[in-house]
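Visitor: Mind looking over this structure? Questions follow.
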Amino acid sequence: MSERNITAARLSALRGLMRKNKLDGLIVTNNLDQLYLTNFFFYPEETVLLVHGKGVACFTRDLYVEPFGKFAPEMDVKGCENRLAAAVEQAQKMGLKRVGFDAAKESYQNGKMMAAAGFAEVGGFISKLRETKDAAELKLMREANRIAYQAYEYVKPRVKTGMTESELAAELEKFMRAKGASGPSFLTIVGFGENSANPHHETGSRKLKANDAVLMDFGCIYKGYCSDITRSWWHGNNEPAEYKKIWKIVEKARKTGVKAVQIGTANKAVDAAARGVISDAGYGEYFTHRTGHGVGIEIHEQPYNSQTADTVLAEGNVVTVEPGIYLPGKYGVRLEDTMAVGKTGAKILTKK
């Protein structure tokens, strides 16, 4: 399917949601929602889209007019300074009776302006569409995750005593960029020793010792889509029995969680499956975060594999399974894979 057909299909699905909710217009200011709808990357707060029944009006900075106009000739592209005001005026000139906006993604000032114009606060229509990845998205996500896995395979044998966490993070990011990534999908986490016991450790200058725990949580952006992978291991020949024990427990939890990822399974059931393994082994209090999250254009998206989730997995969802055990002041283990939910079961994307 061509980029134009992909865009048309997504806009058609969005208009279906708009009709269902009796909207004849929708303001889109979030740049990642804009990327989803147009396949074109705008920087934040530089563009406003007005989606209506007959097309899309794009109000943007002058510097985008020529490149985006060529990229999407079917859209009405206008360069202007006050882009939201221009979109509001256009909607009024067109006589659109009910125009909506996603209040959860708006600034206070923008929301106030649109409410004053009589526009309606509506749910996250585009966020809902983004939960289900189409074939084109899955292809890009497969490549993003393949690059991340290759980076792990590349750096692991090159991890040396005395190197810093930041040096290892730099090696990961350099490799991924060399393979086509535009950058990391989040701040790369590398934790050595006691730092591996902090799930969101800030990578720093800690040097790797001759016998130390290593945890790497990282990913990359490939053509707008994110990957996410975590690997943990012991560096050195004197692996503590306790570390070996918790690694095996976490690996069992990962496998159990992966097996639970199926169409129709409640997200909280995926969390319970992985969490149950760790709790049954006596380490429940040391698993301090949810089992996973959705991934796509953003590194954290719906749906979430958490204890409080009220959602159910559907075909096209992409989610992580990432159980962990963290022993404060000692070390931690987290093992994470990103998975695509399909008709015949879930497929692990974080592999060759």
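Quick note on naming: the chains in the structure tokens go A, B, ... in the order shown, residues restart at 1 in each chain, and ligands are numbered from 1 in order of appearance.
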Which residues, written as a PyMOL selection string, have at least one atom at most 8 Å from Val77 of chain A, with only C-alpha atoms counted and residues fewer than 6 positions away on the same chain left out?
Guide: chain A and resi 57-60+65+68-69
Visitor: Excluding same-chain residues fewer than 3 positions from Ala151 of chain A, what lies within 12 Å of it counting only C-alpha atoms, as JSON, numbers by chain?
Guide: {"A": [144, 145, 146, 147, 148, 154, 155, 156, 157, 158, 168, 169, 170, 171, 172, 173, 174, 175, 176, 177, 178, 179, 180, 181, 184, 216, 217, 218, 219, 220, 227, 228, 229, 230, 231, 350, 351, 352]}
Visitor: Could you turn the residues from that selection into a file that holds N, CA, C and O atoms, as a compact mmCIF listing (two decimals), in the first residue's frame?
Guide:
# COMPACT_ATOMS: atom_id res chain seq x y z
N ALA A 144 12.42 -1.36 13.56
CA ALA A 144 12.92 -0.61 14.72
C ALA A 144 13.39 -1.56 15.81
O ALA A 144 14.45 -1.36 16.43
N ASN A 145 12.63 -2.62 16.04
CA ASN A 145 12.99 -3.58 17.08
C ASN A 145 14.14 -4.49 16.64
O ASN A 145 14.96 -4.90 17.46
N ARG A 146 14.21 -4.78 15.36
CA ARG A 146 15.34 -5.57 14.85
C ARG A 146 16.65 -4.81 15.05
O ARG A 146 17.66 -5.39 15.46
N ILE A 147 16.62 -3.51 14.77
CA ILE A 147 17.82 -2.69 14.96
C ILE A 147 18.23 -2.69 16.42
O ILE A 147 19.42 -2.82 16.75
N ALA A 148 17.25 -2.55 17.33
CA ALA A 148 17.57 -2.54 18.76
C ALA A 148 18.17 -3.88 19.19
O ALA A 148 19.16 -3.92 19.95
N TYR A 154 25.50 -6.57 19.26
CA TYR A 154 26.77 -5.92 18.91
C TYR A 154 27.54 -5.50 20.16
O TYR A 154 28.75 -5.72 20.26
N VAL A 155 26.85 -4.87 21.12
CA VAL A 155 27.58 -4.29 22.24
C VAL A 155 27.92 -5.31 23.33
O VAL A 155 28.94 -5.15 24.02
N LYS A 156 27.12 -6.35 23.49
CA LYS A 156 27.35 -7.24 24.63
C LYS A 156 28.78 -7.79 24.67
O LYS A 156 29.44 -7.74 25.72
N PRO A 157 29.31 -8.33 23.58
CA PRO A 157 30.69 -8.83 23.64
C PRO A 157 31.74 -7.73 23.76
O PRO A 157 32.91 -8.01 24.02
N ARG A 158 31.32 -6.49 23.59
CA ARG A 158 32.25 -5.36 23.68
C ARG A 158 32.20 -4.65 25.03
O ARG A 158 32.90 -3.67 25.24
N LEU A 168 28.77 2.96 27.39
CA LEU A 168 28.01 1.86 26.83
C LEU A 168 26.75 2.38 26.14
O LEU A 168 26.39 1.92 25.04
N ALA A 169 26.07 3.34 26.76
CA ALA A 169 24.88 3.93 26.15
C ALA A 169 25.22 4.57 24.80
O ALA A 169 24.47 4.44 23.82
N ALA A 170 26.36 5.24 24.75
CA ALA A 170 26.80 5.88 23.50
C ALA A 170 27.05 4.85 22.40
O ALA A 170 26.73 5.08 21.23
N GLU A 171 27.62 3.71 22.78
CA GLU A 171 27.87 2.65 21.79
C GLU A 171 26.56 2.11 21.22
O GLU A 171 26.44 1.86 20.02
N LEU A 172 25.57 1.93 22.10
CA LEU A 172 24.26 1.46 21.64
C LEU A 172 23.66 2.45 20.65
O LEU A 172 23.20 2.06 19.57
N GLU A 173 23.66 3.72 21.01
CA GLU A 173 23.02 4.72 20.19
C GLU A 173 23.76 4.93 18.86
O GLU A 173 23.13 5.12 17.81
N LYS A 174 25.07 4.86 18.90
CA LYS A 174 25.86 5.00 17.68
C LYS A 174 25.53 3.88 16.71
O LYS A 174 25.35 4.10 15.50
N PHE A 175 25.46 2.65 17.22
CA PHE A 175 25.16 1.50 16.37
C PHE A 175 23.78 1.64 15.74
O PHE A 175 23.60 1.41 14.54
N MET A 176 22.78 2.02 16.55
CA MET A 176 21.42 2.11 16.04
C MET A 176 21.29 3.19 14.97
O MET A 176 20.61 3.00 13.96
N ARG A 177 21.97 4.32 15.16
CA ARG A 177 21.95 5.36 14.14
C ARG A 177 22.61 4.86 12.84
O ARG A 177 22.14 5.15 11.73
N ALA A 178 23.69 4.13 12.98
CA ALA A 178 24.39 3.60 11.81
C ALA A 178 23.52 2.64 11.01
O ALA A 178 23.70 2.47 9.80
N LYS A 179 22.55 2.02 11.68
CA LYS A 179 21.65 1.06 11.03
C LYS A 179 20.37 1.71 10.51
O LYS A 179 19.46 1.02 10.04
N GLY A 180 20.26 3.04 10.63
CA GLY A 180 19.12 3.72 10.04
C GLY A 180 18.17 4.39 11.01
O GLY A 180 17.20 5.03 10.59
N ALA A 181 18.42 4.26 12.32
CA ALA A 181 17.56 4.91 13.30
C ALA A 181 17.82 6.41 13.31
O ALA A 181 18.94 6.86 13.07
N PRO A 184 17.44 7.62 19.68
CA PRO A 184 16.87 6.72 20.68
C PRO A 184 15.39 7.03 20.91
O PRO A 184 14.96 8.18 20.75
N MET A 216 20.53 -3.02 30.65
CA MET A 216 20.39 -2.05 29.56
C MET A 216 18.94 -2.03 29.11
O MET A 216 18.38 -3.05 28.73
N ASP A 217 18.30 -0.87 29.16
CA ASP A 217 16.93 -0.65 28.67
C ASP A 217 17.02 0.45 27.62
O ASP A 217 17.39 1.59 27.94
N PHE A 218 16.68 0.13 26.38
CA PHE A 218 16.92 1.08 25.29
C PHE A 218 16.03 0.77 24.11
O PHE A 218 15.30 -0.23 24.08
N GLY A 219 16.08 1.63 23.13
CA GLY A 219 15.34 1.43 21.90
C GLY A 219 15.67 2.54 20.93
O GLY A 219 16.44 3.45 21.25
N CYS A 220 15.08 2.49 19.75
CA CYS A 220 15.37 3.52 18.74
C CYS A 220 14.10 3.90 18.01
O CYS A 220 13.07 3.22 18.09
N SER A 227 11.08 1.40 19.28
CA SER A 227 11.33 0.04 19.78
C SER A 227 11.74 0.12 21.24
O SER A 227 12.11 1.18 21.74
N ASP A 228 11.65 -1.02 21.93
CA ASP A 228 11.93 -1.06 23.36
C ASP A 228 12.39 -2.47 23.74
O ASP A 228 11.71 -3.46 23.42
N ILE A 229 13.53 -2.56 24.39
CA ILE A 229 14.10 -3.85 24.78
C ILE A 229 14.93 -3.66 26.04
O ILE A 229 15.56 -2.61 26.23
N THR A 230 14.90 -4.65 26.92
CA THR A 230 15.77 -4.64 28.10
C THR A 230 16.46 -5.99 28.22
O THR A 230 15.82 -7.03 28.08
N ARG A 231 17.75 -5.94 28.51
CA ARG A 231 18.52 -7.15 28.77
C ARG A 231 19.37 -6.95 30.03
O ARG A 231 19.85 -5.85 30.30
N THR A 350 11.38 -8.07 19.13
CA THR A 350 12.77 -7.81 19.53
C THR A 350 13.63 -9.05 19.28
O THR A 350 13.99 -9.79 20.20
N LYS A 351 13.95 -9.25 18.03
CA LYS A 351 14.80 -10.38 17.61
C LYS A 351 15.39 -10.03 16.25
O LYS A 351 15.12 -8.98 15.69
N LYS A 352 16.20 -10.93 15.71
CA LYS A 352 16.83 -10.69 14.41
C LYS A 352 15.80 -10.62 13.30
O LYS A 352 14.80 -11.29 13.34
Visitor: Could you list, with a cut-off of 12 Å and counting only C-alpha atoms, the residues of segment 95-213 of chain A near segment 48-53 of chain A, each shown with its nearest atom pair and the distance in Å rounded to one decimal, rows sorted by chain and ascending number, as JSON lines?
Guide:
{"residue": "A:Gly95", "atom": "CA", "partner": "A:His52", "partner_atom": "CA", "distance": 11.0}
{"residue": "A:Leu96", "atom": "CA", "partner": "A:His52", "partner_atom": "CA", "distance": 8.3}
{"residue": "A:Lys97", "atom": "CA", "partner": "A:His52", "partner_atom": "CA", "distance": 10.9}
{"residue": "A:Arg98", "atom": "CA", "partner": "A:His52", "partner_atom": "CA", "distance": 10.4}
{"residue": "A:Val99", "atom": "CA", "partner": "A:His52", "partner_atom": "CA", "distance": 8.8}
{"residue": "A:Gly100", "atom": "CA", "partner": "A:Leu50", "partner_atom": "CA", "distance": 9.8}
{"residue": "A:Phe101", "atom": "CA", "partner": "A:Leu50", "partner_atom": "CA", "distance": 9.8}
{"residue": "A:Glu106", "atom": "CA", "partner": "A:Val48", "partner_atom": "CA", "distance": 11.6}
{"residue": "A:Asn110", "atom": "CA", "partner": "A:Val48", "partner_atom": "CA", "distance": 11.2}
{"residue": "A:Ile126", "atom": "CA", "partner": "A:Val51", "partner_atom": "CA", "distance": 11.7}
Visitor: Determine, counting only C-alpha atoms, which protein, DNA and RNA residues have an atom within 12 Å of an atom of Leu63 of chain A; residues of the same chain fewer than 5 positions away are not included. Present the result as a list in words.
Guide: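 The residues satisfying every condition are Phe42, Tyr43, Glu46, Thr47, Phe68, Gly69, Val77, Lys78, Gly79, Cys80 and Glu81 of chain A.
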Visitor: Atoms to include: N, CA and C atoms. Write the selected residues as a PDB file, in the first residue's frame.
Guide:
ATOM      1  N   PHE A  42       6.119  16.959  11.588  1.00  0.00           N
ATOM      2  CA  PHE A  42       6.174  18.370  11.962  1.00  0.00           C
ATOM      3  C   PHE A  42       6.721  18.464  13.385  1.00  0.00           C
ATOM      4  N   TYR A  43       7.478  19.504  13.665  1.00  0.00           N
ATOM      5  CA  TYR A  43       7.913  19.718  15.041  1.00  0.00           C
ATOM      6  C   TYR A  43       6.717  20.171  15.881  1.00  0.00           C
ATOM      7  N   GLU A  46       3.921  23.634  15.718  1.00  0.00           N
ATOM      8  CA  GLU A  46       4.195  24.378  14.490  1.00  0.00           C
ATOM      9  C   GLU A  46       3.127  24.205  13.414  1.00  0.00           C
ATOM     10  N   THR A  47       2.148  23.335  13.692  1.00  0.00           N
ATOM     11  CA  THR A  47       1.141  23.027  12.678  1.00  0.00           C
ATOM     12  C   THR A  47      -0.204  22.738  13.342  1.00  0.00           C
ATOM     13  N   PHE A  68       5.728  20.170   2.377  1.00  0.00           N
ATOM     14  CA  PHE A  68       4.524  19.402   2.686  1.00  0.00           C
ATOM     15  C   PHE A  68       3.501  19.517   1.558  1.00  0.00           C
ATOM     16  N   GLY A  69       3.468  20.685   0.903  1.00  0.00           N
ATOM     17  CA  GLY A  69       2.562  20.833  -0.228  1.00  0.00           C
ATOM     18  C   GLY A  69       2.866  19.837  -1.337  1.00  0.00           C
ATOM     19  N   VAL A  77      -2.760  23.519   2.068  1.00  0.00           N
ATOM     20  CA  VAL A  77      -1.654  23.912   2.946  1.00  0.00           C
ATOM     21  C   VAL A  77      -1.472  25.430   2.902  1.00  0.00           C
ATOM     22  N   LYS A  78      -1.503  26.044   4.097  1.00  0.00           N
ATOM     23  CA  LYS A  78      -1.364  27.491   4.190  1.00  0.00           C
ATOM     24  C   LYS A  78      -0.315  27.853   5.233  1.00  0.00           C
ATOM     25  N   GLY A  79       0.542  28.786   4.899  1.00  0.00           N
ATOM     26  CA  GLY A  79       1.530  29.277   5.846  1.00  0.00           C
ATOM     27  C   GLY A  79       0.987  30.480   6.599  1.00  0.00           C
ATOM     28  N   CYS A  80       1.125  30.491   7.919  1.00  0.00           N
ATOM     29  CA  CYS A  80       0.628  31.616   8.711  1.00  0.00           C
ATOM     30  C   CYS A  80       1.284  31.598  10.084  1.00  0.00           C
ATOM     31  N   GLU A  81       1.158  32.703  10.801  1.00  0.00           N
ATOM     32  CA  GLU A  81       1.752  32.823  12.131  1.00  0.00           C
ATOM     33  C   GLU A  81       0.831  32.276  13.222  1.00  0.00           C
TER      34      GLU A  81
END
Visitor: What's around Leu14 of chain A at 8 Å? Count only C-alpha atoms, leave out sequence neighbours fewer than 2 positions away in its own chain, and write the answer as an NGL selection string.
Guide: :A and (10-12 or 16-18 or 125-126 or 129)
Visitor: Take the residues from that selection and write them out as a compact mmCIF listing (two decimals), in the first residue's frame, keeping N, CA and C atoms.
Guide:
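Output saved as part17.txt:
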# COMPACT_ATOMS: atom_id res chain seq x y z
N ARG A 10 -6.34 5.99 7.03
CA ARG A 10 -6.37 6.49 8.40
C ARG A 10 -7.34 7.65 8.53
N LEU A 11 -7.34 8.54 7.55
CA LEU A 11 -8.29 9.66 7.58
C LEU A 11 -9.73 9.16 7.47
N SER A 12 -9.93 8.12 6.67
CA SER A 12 -11.27 7.55 6.53
C SER A 12 -11.75 6.96 7.85
N GLY A 16 -14.88 8.24 10.22
CA GLY A 16 -15.91 7.33 10.73
C GLY A 16 -16.20 7.58 12.19
N LEU A 17 -15.14 7.79 12.99
CA LEU A 17 -15.33 8.10 14.41
C LEU A 17 -15.98 9.47 14.58
N MET A 18 -15.61 10.41 13.71
CA MET A 18 -16.21 11.74 13.78
C MET A 18 -17.72 11.67 13.49
N PHE A 125 -9.80 10.37 19.81
CA PHE A 125 -10.11 9.54 18.65
C PHE A 125 -8.85 9.01 17.98
N ILE A 126 -7.88 9.87 17.78
CA ILE A 126 -6.67 9.44 17.08
C ILE A 126 -5.85 8.51 17.96
N LEU A 129 -7.29 5.14 17.51
CA LEU A 129 -6.89 4.54 16.24
C LEU A 129 -5.45 4.06 16.29
Visitor: Please identify all polymer residues within 10 Å of Glu285 of chain A, counting only C-alpha atoms, omitting same-chain residues fewer than 2 positions from it, and present them as a short mmCIF file (atom, residue, chain, number, x, y, z; two decimals) with C-alpha atoms, in the first residue's frame.
Guide:
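Writing the result to around.cif gives the following:
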data_model
loop_
_atom_site.label_atom_id
_atom_site.label_comp_id
_atom_site.auth_asym_id
_atom_site.auth_seq_id
_atom_site.Cartn_x
_atom_site.Cartn_y
_atom_site.Cartn_z
CA ILE A 278 7.59 -13.40 40.85
CA SER A 279 5.19 -13.29 43.81
CA GLY A 282 8.77 -14.71 47.20
CA TYR A 283 9.94 -11.55 45.44
CA PHE A 287 8.62 -6.01 41.32
CA THR A 288 7.76 -2.33 41.51
CA ILE A 325 13.17 -7.91 40.41
CA TYR A 326 15.13 -5.10 42.07
CA LEU A 327 17.09 -5.62 45.28
#
Visitor: Based on the backbone DSSP call, show me all residues of segment 61-246 of chain A assigned alpha helix (DSSP H), as a count of residues only.
Guide: 78
Visitor: Within 12 Å of segment 29-36 of chain A, which residues of segment 176-281 of chain A show up? Give each one with its shortest atom-to-atom distance in Å (one decimal) and the two atoms involved, counting only C-alpha atoms, rows by chain then rising residue number, as CSV.
Guide:
residue,atom,partner,partner_atom,distance
A:Lys223,CA,A:Leu35,CA,10.4
A:Gly224,CA,A:Leu35,CA,8.0
A:Tyr225,CA,A:Tyr36,CA,10.1
Visitor: Give me a file of those residues, with N, CA and C atoms, as a JSON list (two decimals), in the first residue's frame.
Guide:
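What follows is the written file again-v4.json:
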[["chain", "number", "residue", "atom", "x", "y", "z"],
["A", 223, "LYS", "N", 11.91, 5.66, 11.25],
["A", 223, "LYS", "CA", 10.85, 6.24, 10.43],
["A", 223, "LYS", "C", 9.60, 6.55, 11.26],
["A", 224, "GLY", "N", 9.84, 7.11, 12.44],
["A", 224, "GLY", "CA", 8.75, 7.59, 13.28],
["A", 224, "GLY", "C", 8.23, 6.61, 14.31],
["A", 225, "TYR", "N", 8.71, 5.37, 14.30],
["A", 225, "TYR", "CA", 8.19, 4.34, 15.21],
["A", 225, "TYR", "C", 9.26, 3.82, 16.17]]
Visitor: Please give the complete set of residues from segment 93-240 of chain A that DSSP, run on the backbone, assigns to strand (DSSP E or B), formatted as a ChimeraX atom specification.
Guide: /A:99-102,120-122,164,183-184,189-192,207,212-218,220-222,225-226,229-235
